[in-house]
Each structure stands twice: as structure tokens, then as C-alpha cells.
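K.L.:
So that you have it, the file is coords28.txt, and it contains compact mmCIF, C-alpha atoms:
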```txt
# COMPACT_ATOMS: atom_id res chain seq x y z
CA MET A 1 103.49 103.44 106.12
CA GLN A 2 105.01 99.98 106.26
CA TYR A 3 105.30 97.79 103.16
CA ARG A 4 105.20 94.02 102.70
CA LYS A 5 105.92 91.72 99.77
CA LEU A 6 102.79 90.58 97.94
CA GLY A 7 103.83 86.96 97.57
CA LYS A 8 105.40 85.86 94.32
CA THR A 9 104.19 88.99 92.50
CA GLY A 10 107.36 90.54 93.97
CA LEU A 11 105.46 93.81 94.53
CA ASN A 12 106.05 95.67 97.79
CA VAL A 13 102.65 96.98 98.83
CA SER A 14 101.43 99.15 101.66
CA GLU A 15 100.32 96.84 104.46
CA LEU A 16 97.26 99.05 104.90
CA SER A 17 95.86 99.55 101.43
CA LEU A 18 92.50 100.68 100.03
CA GLY A 19 89.41 98.75 99.07
CA THR A 20 86.91 100.61 96.90
CA TRP A 21 83.59 98.77 97.25
CA GLN A 22 81.97 101.81 98.87
CA ILE A 23 84.32 104.49 97.55
CA GLY A 24 82.63 107.80 96.77
CA GLY A 25 79.66 107.37 99.09
CA LYS A 26 78.04 104.98 101.51
CA TRP A 27 76.91 101.56 100.36
CA GLY A 28 73.75 101.95 98.31
CA SER A 29 73.73 105.75 98.26
CA GLY A 30 75.02 106.39 94.74
CA PHE A 31 78.44 107.37 93.47
CA ASP A 32 80.19 110.72 93.86
CA ASP A 33 83.11 110.96 91.41
CA ALA A 34 84.70 113.96 93.10
CA LEU A 35 84.51 112.36 96.54
CA ALA A 36 85.93 109.10 95.20
CA GLU A 37 88.88 110.87 93.57
CA LYS A 38 89.53 112.92 96.70
CA THR A 39 89.59 109.77 98.83
CA ILE A 40 91.90 107.90 96.46
CA ASN A 41 94.28 110.87 96.26
CA GLU A 42 94.30 111.06 100.05
CA ALA A 43 95.27 107.39 100.16
CA ILE A 44 98.22 107.90 97.81
CA ASP A 45 99.26 111.05 99.68
CA ASN A 46 99.58 108.87 102.80
CA GLY A 47 101.74 106.20 101.21
CA ILE A 48 99.11 103.72 100.04
CA ASN A 49 100.34 102.17 96.81
CA PHE A 50 97.86 99.30 96.32
CA ILE A 51 94.21 99.87 95.41
CA ASP A 52 91.65 97.11 95.01
CA THR A 53 88.53 97.56 92.91
CA ALA A 54 86.17 95.47 90.75
CA ASP A 55 84.18 95.82 87.57
CA VAL A 56 80.89 95.43 89.46
CA TYR A 57 81.56 98.22 91.95
CA GLU A 58 79.10 100.90 90.89
CA ASP A 59 78.94 99.34 87.41
CA GLY A 60 82.51 100.26 86.48
CA LYS A 61 82.51 103.73 88.05
CA SER A 62 84.87 102.64 90.81
CA GLU A 63 87.38 101.28 88.27
CA ALA A 64 87.11 104.50 86.25
CA ALA A 65 87.77 106.67 89.32
CA VAL A 66 90.78 104.56 90.34
CA GLY A 67 92.16 104.76 86.82
CA ARG A 68 91.76 108.53 86.56
CA VAL A 69 93.61 109.15 89.80
CA VAL A 70 96.39 106.60 89.20
CA ARG A 71 97.05 108.01 85.73
CA SER A 72 97.29 111.51 87.16
CA ARG A 73 99.89 110.65 89.80
CA SER A 74 103.65 110.34 89.45
CA GLU A 75 103.92 107.67 92.18
CA GLU A 76 103.88 103.99 91.27
CA VAL A 77 100.49 102.72 92.40
CA TYR A 78 99.47 99.12 91.84
CA VAL A 79 95.91 98.44 90.71
CA ALA A 80 94.02 95.25 91.42
CA THR A 81 90.60 94.56 89.98
CA LYS A 82 88.28 91.57 89.74
CA CYS A 83 86.16 89.82 87.16
CA GLY A 84 83.36 87.29 87.01
CA ARG A 85 80.61 88.68 89.21
CA GLN A 86 78.82 90.16 86.21
CA ILE A 87 77.87 86.63 85.13
CA SER A 88 74.13 86.24 85.68
CA PRO A 89 73.02 83.86 86.93
CA HIS A 90 76.30 83.57 88.78
CA VAL A 91 76.88 79.86 88.18
CA ASN A 92 79.77 77.65 87.15
CA GLU A 93 78.42 77.21 83.62
CA GLY A 94 78.62 80.96 83.01
CA TYR A 95 82.39 80.95 83.44
CA THR A 96 84.14 80.53 80.11
CA PRO A 97 87.52 81.81 78.90
CA GLU A 98 85.77 83.94 76.27
CA VAL A 99 83.49 85.64 78.80
CA LEU A 100 86.31 86.32 81.25
CA ARG A 101 88.55 87.71 78.49
CA GLY A 102 85.80 90.17 77.65
CA PHE A 103 85.57 91.30 81.27
CA VAL A 104 89.34 91.86 81.48
CA GLU A 105 89.32 93.95 78.31
CA ASP A 106 86.36 95.96 79.64
CA SER A 107 88.28 96.63 82.86
CA LEU A 108 91.30 97.84 80.91
CA ARG A 109 89.03 100.33 79.14
CA ASN A 110 87.37 101.42 82.40
CA LEU A 111 90.74 101.93 84.07
CA GLY A 112 92.36 103.55 81.04
CA LEU A 113 95.42 101.37 81.58
CA ASP A 114 97.42 99.19 79.20
CA CYS A 115 98.02 96.47 81.78
CA ILE A 116 96.38 95.41 85.06
CA ASP A 117 98.83 94.72 87.89
CA LEU A 118 96.59 92.09 89.47
CA ILE A 119 93.42 90.56 88.05
CA GLN A 120 91.38 88.41 90.43
CA LEU A 121 88.57 85.96 89.90
CA HIS A 122 85.75 87.49 91.93
CA CYS A 123 84.43 84.82 94.30
CA PRO A 124 83.38 82.34 91.62
CA PRO A 125 81.35 79.23 92.45
CA THR A 126 83.47 76.50 94.03
CA GLU A 127 83.31 74.33 90.89
CA VAL A 128 85.27 76.94 88.91
CA TYR A 129 88.39 76.24 90.99
CA TYR A 130 88.43 72.71 89.57
CA ARG A 131 88.56 73.85 85.91
CA PRO A 132 92.14 74.27 84.63
CA GLU A 133 91.01 75.93 81.39
CA ILE A 134 89.78 78.95 83.35
CA PHE A 135 93.20 79.48 84.92
CA GLU A 136 95.05 78.82 81.67
CA LEU A 137 93.32 81.83 80.10
CA PHE A 138 95.26 84.18 82.35
CA ASP A 139 98.60 82.80 81.16
CA ARG A 140 97.60 83.90 77.66
CA LEU A 141 96.48 87.32 78.90
CA LYS A 142 99.83 87.73 80.63
CA GLU A 143 101.68 86.80 77.44
CA GLU A 144 99.61 89.43 75.62
CA GLY A 145 100.69 92.08 78.15
CA LYS A 146 97.16 92.70 79.47
CA ILE A 147 97.78 91.51 83.02
CA ARG A 148 100.85 91.10 85.22
CA ASN A 149 99.54 88.75 87.88
CA LEU A 150 96.56 86.50 88.63
CA GLY A 151 94.85 86.15 91.98
CA VAL A 152 91.57 84.88 93.36
CA SER A 153 89.06 86.36 95.75
CA VAL A 154 87.45 83.53 97.70
CA GLU A 155 84.64 82.88 100.13
CA LYS A 156 85.96 79.61 101.60
CA VAL A 157 89.27 78.28 102.83
CA GLU A 158 88.65 75.19 100.66
CA GLU A 159 88.60 77.41 97.57
CA ALA A 160 91.80 79.18 98.61
CA LEU A 161 93.62 75.89 99.13
CA LYS A 162 92.51 74.61 95.73
CA ALA A 163 93.38 77.85 93.92
CA ILE A 164 96.98 77.98 95.12
CA ASN A 165 97.62 74.62 93.47
CA TYR A 166 97.64 76.50 90.14
CA PRO A 167 101.18 77.80 89.53
CA ASN A 168 99.97 81.09 88.04
CA VAL A 169 97.91 82.08 91.10
CA SER A 170 99.99 84.63 92.99
CA THR A 171 97.52 86.01 95.55
CA VAL A 172 94.42 85.13 97.51
CA GLN A 173 91.97 87.71 98.78
CA ILE A 174 90.07 86.35 101.77
CA ILE A 175 87.92 87.52 104.69
CA PHE A 176 89.92 87.52 107.92
CA ASN A 177 89.13 89.45 111.07
CA MET A 178 88.46 89.06 114.79
CA PHE A 179 85.17 87.36 113.86
CA ARG A 180 86.63 85.15 111.08
CA MET A 181 89.81 83.41 112.20
CA ARG A 182 89.78 80.12 110.32
CA PRO A 183 92.16 81.27 107.51
CA ALA A 184 94.97 81.60 110.10
CA GLU A 185 95.05 77.84 110.49
CA LEU A 186 95.97 75.64 107.52
CA PHE A 187 95.59 78.24 104.76
CA PHE A 188 98.07 80.77 106.13
CA ARG A 189 100.66 78.02 106.53
CA GLU A 190 100.16 76.71 102.99
CA ALA A 191 100.17 80.21 101.53
CA LYS A 192 103.47 81.00 103.22
CA ALA A 193 104.98 77.78 101.89
CA GLY A 194 103.88 78.65 98.36
CA ASP A 195 104.88 82.34 98.55
CA ILE A 196 101.25 83.38 98.02
CA GLY A 197 100.29 86.97 98.76
CA ILE A 198 97.39 87.29 101.21
CA ILE A 199 95.04 90.24 100.77
CA VAL A 200 92.63 90.57 103.68
CA ARG A 201 89.23 92.06 102.98
CA VAL A 202 86.36 92.89 105.38
CA PRO A 203 88.77 93.48 108.31
CA LEU A 204 86.04 95.36 110.18
CA ALA A 205 83.25 92.84 109.50
CA SER A 206 81.22 95.38 107.48
CA GLY A 207 81.62 97.94 110.25
CA LEU A 208 80.53 95.65 113.08
CA LEU A 209 84.04 95.79 114.55
CA THR A 210 84.06 99.58 114.64
CA GLY A 211 81.99 99.36 117.80
CA LYS A 212 79.84 102.23 116.56
CA PHE A 213 76.62 100.30 115.90
CA THR A 214 73.76 99.62 118.29
CA LYS A 215 70.62 97.51 118.06
CA ASP A 216 68.85 100.68 116.87
CA SER A 217 71.25 101.25 113.96
CA SER A 218 69.57 101.12 110.56
CA PHE A 219 70.89 100.82 107.02
CA SER A 220 69.44 102.00 103.73
CA SER A 221 67.44 99.58 101.59
CA ASN A 222 70.30 99.49 99.06
CA ASP A 223 72.95 98.71 101.69
CA HIS A 224 74.02 95.05 101.77
CA ARG A 225 74.04 95.27 105.56
CA ASN A 226 70.27 95.53 105.20
CA PHE A 227 69.32 93.29 102.28
CA ASN A 228 72.01 90.58 102.50
CA ARG A 229 71.90 89.64 106.18
CA ASN A 230 70.52 86.24 105.22
CA GLY A 231 72.49 85.90 101.98
CA ALA A 232 69.67 87.00 99.68
CA ALA A 233 71.99 88.56 97.08
CA PHE A 234 75.41 86.95 97.60
CA ASP A 235 77.33 84.94 100.17
CA VAL A 236 76.10 85.89 103.62
CA GLY A 237 79.68 85.74 104.88
CA GLU A 238 80.36 89.04 103.11
CA THR A 239 77.91 90.81 105.45
CA PHE A 240 79.03 91.20 109.08
CA ALA A 241 81.37 88.22 108.38
CA GLY A 242 78.28 86.01 108.53
CA ILE A 243 77.47 86.88 112.15
CA ASP A 244 73.91 87.63 113.17
CA PHE A 245 73.88 91.40 113.71
CA GLU A 246 72.47 91.45 117.23
CA LYS A 247 74.62 88.54 118.42
CA GLY A 248 77.61 90.30 116.93
CA LEU A 249 76.81 93.47 118.86
CA ASP A 250 76.79 91.50 122.12
CA VAL A 251 80.25 90.06 121.38
CA VAL A 252 81.54 93.51 120.37
CA GLU A 253 80.66 94.74 123.86
CA GLU A 254 82.75 91.91 125.31
CA LEU A 255 85.55 92.83 122.94
CA LYS A 256 85.40 96.46 124.08
CA GLU A 257 85.73 95.30 127.68
CA LEU A 258 88.66 93.09 126.75
CA MET A 259 90.42 95.99 125.00
CA LYS A 260 89.57 98.66 127.59
CA ASP A 261 93.18 99.03 128.75
CA HIS A 262 94.29 99.79 125.18
CA THR A 263 93.15 103.40 125.20
CA GLN A 264 95.32 104.69 122.36
CA GLY A 265 92.96 104.15 119.47
CA SER A 266 89.45 103.09 118.54
CA LEU A 267 88.17 99.53 118.35
CA ALA A 268 88.22 99.81 114.53
CA GLN A 269 91.89 100.78 114.57
CA TRP A 270 92.77 97.91 116.90
CA ALA A 271 90.80 95.51 114.69
CA ILE A 272 92.97 96.55 111.72
CA ARG A 273 96.11 96.31 113.86
CA TRP A 274 95.04 92.79 114.89
CA VAL A 275 94.95 91.73 111.23
CA LEU A 276 98.41 93.17 110.63
CA MET A 277 99.80 91.29 113.62
CA HIS A 278 99.71 88.22 111.38
CA LYS A 279 102.93 88.32 109.38
CA GLU A 280 101.56 86.03 106.67
CA VAL A 281 99.21 88.86 105.65
CA SER A 282 100.56 90.98 102.80
CA CYS A 283 98.02 93.77 103.19
CA THR A 284 94.51 94.54 104.31
CA ILE A 285 92.08 96.64 102.30
CA PRO A 286 89.52 98.34 104.54
CA GLY A 287 87.12 100.47 102.55
CA ALA A 288 86.65 104.18 102.95
CA SER A 289 83.79 106.21 101.55
CA ARG A 290 85.46 109.56 102.27
CA PRO A 291 88.89 110.95 103.23
CA GLU A 292 88.00 111.30 106.93
CA GLN A 293 87.24 107.60 107.16
CA LEU A 294 90.48 106.76 105.39
CA ARG A 295 92.49 108.89 107.81
CA GLU A 296 90.81 107.15 110.74
CA ASN A 297 91.84 103.77 109.34
CA LEU A 298 95.40 104.96 108.81
CA GLU A 299 95.77 105.66 112.53
CA ALA A 300 96.03 101.87 112.97
CA GLU A 301 99.55 102.20 111.53
CA LYS A 302 100.60 104.21 114.60
CA LEU A 303 99.44 101.68 117.18
CA PRO A 304 101.92 99.45 118.98
CA GLU A 305 101.88 95.68 118.65
CA ILE A 306 99.09 93.97 120.56
CA PRO A 307 100.53 92.10 123.57
CA GLU A 308 100.60 88.31 123.33
CA GLU A 309 98.29 87.92 126.31
CA THR A 310 95.68 90.19 124.69
CA MET A 311 95.98 88.26 121.42
CA LYS A 312 95.26 85.05 123.34
CA ARG A 313 92.23 86.59 125.03
CA ILE A 314 90.83 87.72 121.65
CA VAL A 315 91.23 84.18 120.30
CA ASP A 316 89.55 82.78 123.40
CA LEU A 317 86.60 85.14 122.94
CA TYR A 318 86.30 84.07 119.31
CA GLU A 319 86.42 80.39 120.18
CA ARG A 320 83.74 80.75 122.84
CA ARG A 321 81.31 83.14 121.20
CA ILE A 322 81.92 83.26 117.44
CA ALA A 323 83.51 80.02 116.23
CA PRO A 324 80.44 77.84 116.91
CA LEU A 325 78.45 80.13 114.56
CA VAL A 326 80.86 80.54 111.62
CA HIS A 327 84.10 78.59 111.87
CA HIS A 328 82.86 75.51 110.03
CA ARG A 329 81.08 77.49 107.28
CA TRP A 330 83.92 79.32 105.55
```
Output the structure of this file as C-alpha cells.

P.N.:
Amino acid sequence: MQYRKLGKTGLNVSELSLGTWQIGGKWGSGFDDALAEKTINEAIDNGINFIDTADVYEDGKSEAAVGRVVRSRSEEVYVATKCGRQISPHVNEGYTPEVLRGFVEDSLRNLGLDCIDLIQLHCPPTEVYYRPEIFELFDRLKEEGKIRNLGVSVEKVEEALKAINYPNVSTVQIIFNMFRMRPAELFFREAKAGDIGIIVRVPLASGLLTGKFTKDSSFSSNDHRNFNRNGAAFDVGETFAGIDFEKGLDVVEELKELMKDHTQGSLAQWAIRWVLMHKEVSCTIPGASRPEQLRENLEAEKLPEIPEETMKRIVDLYERRIAPLVHHRW
């Protein structure tokens, strides 16, 4: 496992870390505590020392599983969680320092920890980024010893650029993958200049970049890849990176053809390796519902660097087939 500095947090984190949205079972299929703990332990066994969760993942069960495992291990494992998505309706007016303080204290109880290594605002409405009093709250929580660092999880590059103007924002979690390249432009440059840690989520575009789906693939009614394809529940960019499923499948076939000479590894592993080719990235947090899936992701660590010519061809494919659909939106 290779490690990178997480911006001005000063933490050295595993470049391939663990996201826990679907930990302990497939999306929408319920939560299996034993399976979740087994998967998290497998991650730590393989050198992963940064785990990302959120209070809304399985209504706190994901946080609780992460906390149980981390407390049981002797290794230093950094825990990141998120707050704000419980606000309903999820609107700017619902964000107040009092409400967010309550969420942080609930997360501390769920995790069973005295202090959270990284607390992140969980994709709040854009207006929230223009309210200094929201960000000031986290200075007080840090003084109280309840958090160590503040970050934001964003939908749009605009939000990321605004957030890093606040001195206490140390990290930005953002969608970045072969089907979502816009962050690599202005945002990556500004983040590097400000020593901001970049946490990449959705590196596999909700599984689209695994190359395992077909037009006949189906998803359960409780799986966001079914119910959120048009943004019915939350930002559509979280589902298949905002790409129409069938159009995405067509481009995946082109991507497979482009990568056909790179036989050492699956398309999913190369997609993760592609993210890590960008040195501004501190870590990426692909999810894993079970240990086998985690081990498959970890094979990306063994792949060689992608040749410059192949990187250019991937960008060209994106610019021709994907950018017109999504580049301007996020």
C-alpha cells in the first residue's frame, strides 16, 4: 500500500482507502453487521488506514460498524464521517450551527469515539457554502476536542472552489473518474496551491466502469442505480456519474477496446489506477460490500503506471463521448 499526505491535515493516508456507503451488503439490500466488520477488518489487514462513512449510511449502522472495528484494532486508523444529509427537506434553511452540532455529537456516539479525525459537510445546497457561520461552528468543535479536521463533500466544482476559501477547510471529497474529468482542471490546481486534501469518491461511476454491466442488467428497487437515474432522490451525478446508463455502456465498450492491450487487470482496476495517476489526489474511496470486492479493488495497487499515450486516448474519448453530456453540469 502506498500512502499520500491528506492536505493540511498532515495525515498520511492509504491512497486506496475505503468508502462505506454499501458496506455490509449491496445497495438497498439491508445491512449485515458481521459482513461489514469482516470487510472493514480486511481493509485494515491490507494497509488501509482511512475509512469514510456518514451518519445517513444505513441510518447510523455504517458508522457503528466502523467504530466497533477501529476501536478493536491496534493500528492507527483515521475515520472520516459526514453530516447534514439528515436535514429534511434538504434545503439551505435547514442548515444551522445548532442542528449540525447535534449531528456531530450523534456521530461521536455512533462511532464510540471521543474525537472524529475528519468531519465533512455532506453535499449541502450550494447556498450553504456562502454562509461563514456554518464553517465557524467547526472551529468551536475543534477547540472542544470533538473533531480534528473539517472537510466538505461536494457535487460541483463551484462548491469546491468556494469551500477552500475558508481557512479551516482541509479536504474536499469530489466525484472524479474516467467519466467525470472536470475537477482535474481549475480545482486540482487551486487545491494543490492551498494544500487541500482531495478525496475521490465514485471512482467506478457506481459500477459502470467495472465493465460488468449490460443493457439487461437490473438493480433492486431500493438501489439508487434504479431509483435515482433521473435524480429523483438526490443529485443525479451521484448515480453513474450522471451518465445515461445505456449511453454509458456504449462508451464503456469503447473504453474496453482502448484498454485491450493492458491485459494485467480488470477495467475496474485500471479505472482506479487512472484516478491515482493524478498526483493531486490524496486518496480514492471505492466502496466494497464484501471482502472479495475489496480485494479486487486492491489489485489496482499492483498495476503499473498507465502510459502517457493511453492517458491521452482516455481523455480524447471523454472529450468526444462524455464531456458534451456532463462536463458543464458539475

K.L.:
Check the smallest atom-to-atom distance from each of A:Leu298, A:Asp33, A:Asp52, A:Phe179 to Asp244 in chain A using all atoms listed in the file, then report the winner.

P.N.:
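Of the candidates, the smallest distance to Asp244 in chain A is held by A:Phe179.
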
K.L.:
Contacts of Ala241 in chain A at 8 Å or less, counting all atoms listed in the file, minus same-chain residues fewer than 3 places along, as a PyMOL selection string?

P.N.:
chain A and resi 175+179-180+202+205-206+236-238

K.L.:
When you look at Gly242 in chain A with a cut-off of 12 Å (counting only C-alpha atoms), what residues show up, excluding the ones that are within fewer than 2 positions of it in the same chain? I need them as a PyMOL selection string.

P.N.:
chain A and resi 155+175-177+179-180+202+205-206+208+225+228-231+234-240+244-248+322-330

K.L.:
Can you pull out every residue within 12 Å of Val252 in chain A, counting only C-alpha atoms, but drop anything in the same chain fewer than 5 positions away, and send it as a PyMOL selection string?

P.N.:
chain A and resi 178-179+204-205+207-215+240+243+245-247+257-260+267-268+271+314+317-318+321-322

K.L.:
Considering all atoms listed in the file, can you say which of A:Thr96, A:Ser282, A:Glu253, A:Thr310 comes closest to Ala191 in chain A?

P.N.:
A:Ser282

K.L.:
Please supply range 158-178 of chain A, rebuilt with N, CA and C atoms, as a tab-separated table (two decimals), in the frame of the given file.

P.N.:
```
chain	number	residue	atom	x	y	z
A	158	GLU	N	88.53	76.28	101.65
A	158	GLU	CA	88.65	75.19	100.66
A	158	GLU	C	89.00	75.74	99.28
A	159	GLU	N	88.35	76.83	98.88
A	159	GLU	CA	88.60	77.41	97.57
A	159	GLU	C	90.02	77.99	97.50
A	160	ALA	N	90.45	78.62	98.58
A	160	ALA	CA	91.80	79.18	98.61
A	160	ALA	C	92.85	78.09	98.46
A	161	LEU	N	92.66	76.99	99.18
A	161	LEU	CA	93.62	75.89	99.13
A	161	LEU	C	93.67	75.25	97.74
A	162	LYS	N	92.53	75.15	97.09
A	162	LYS	CA	92.51	74.61	95.73
A	162	LYS	C	93.17	75.57	94.75
A	163	ALA	N	92.87	76.86	94.87
A	163	ALA	CA	93.38	77.85	93.92
A	163	ALA	C	94.90	77.91	93.91
A	164	ILE	N	95.53	77.80	95.07
A	164	ILE	CA	96.98	77.98	95.12
A	164	ILE	C	97.73	76.77	94.57
A	165	ASN	N	96.98	75.74	94.17
A	165	ASN	CA	97.62	74.62	93.47
A	165	ASN	C	97.96	74.99	92.02
A	166	TYR	N	97.33	76.05	91.50
A	166	TYR	CA	97.64	76.50	90.14
A	166	TYR	C	98.89	77.39	90.19
A	167	PRO	N	99.92	77.06	89.44
A	167	PRO	CA	101.18	77.80	89.53
A	167	PRO	C	101.05	79.28	89.23
A	168	ASN	N	100.06	79.67	88.41
A	168	ASN	CA	99.97	81.09	88.04
A	168	ASN	C	99.15	81.92	89.02
A	169	VAL	N	98.62	81.31	90.07
A	169	VAL	CA	97.91	82.08	91.10
A	169	VAL	C	98.93	82.63	92.09
A	170	SER	N	98.99	83.96	92.16
A	170	SER	CA	99.99	84.63	92.99
A	170	SER	C	99.43	85.16	94.31
A	171	THR	N	98.13	85.41	94.35
A	171	THR	CA	97.52	86.01	95.55
A	171	THR	C	96.17	85.40	95.83
A	172	VAL	N	95.78	85.49	97.09
A	172	VAL	CA	94.42	85.13	97.51
A	172	VAL	C	93.87	86.26	98.35
A	173	GLN	N	92.69	86.71	97.98
A	173	GLN	CA	91.97	87.71	98.78
A	173	GLN	C	90.91	86.95	99.59
A	174	ILE	N	90.91	87.16	100.90
A	174	ILE	CA	90.07	86.35	101.77
A	174	ILE	C	89.58	87.19	102.95
A	175	ILE	N	88.43	86.84	103.50
A	175	ILE	CA	87.92	87.52	104.69
A	175	ILE	C	88.65	86.98	105.91
A	176	PHE	N	89.20	87.89	106.69
A	176	PHE	CA	89.92	87.52	107.92
A	176	PHE	C	89.79	88.68	108.88
A	177	ASN	N	89.28	88.42	110.06
A	177	ASN	CA	89.13	89.45	111.07
A	177	ASN	C	88.90	88.80	112.43
A	178	MET	N	88.67	89.59	113.44
A	178	MET	CA	88.46	89.06	114.79
A	178	MET	C	87.26	88.13	114.88
```
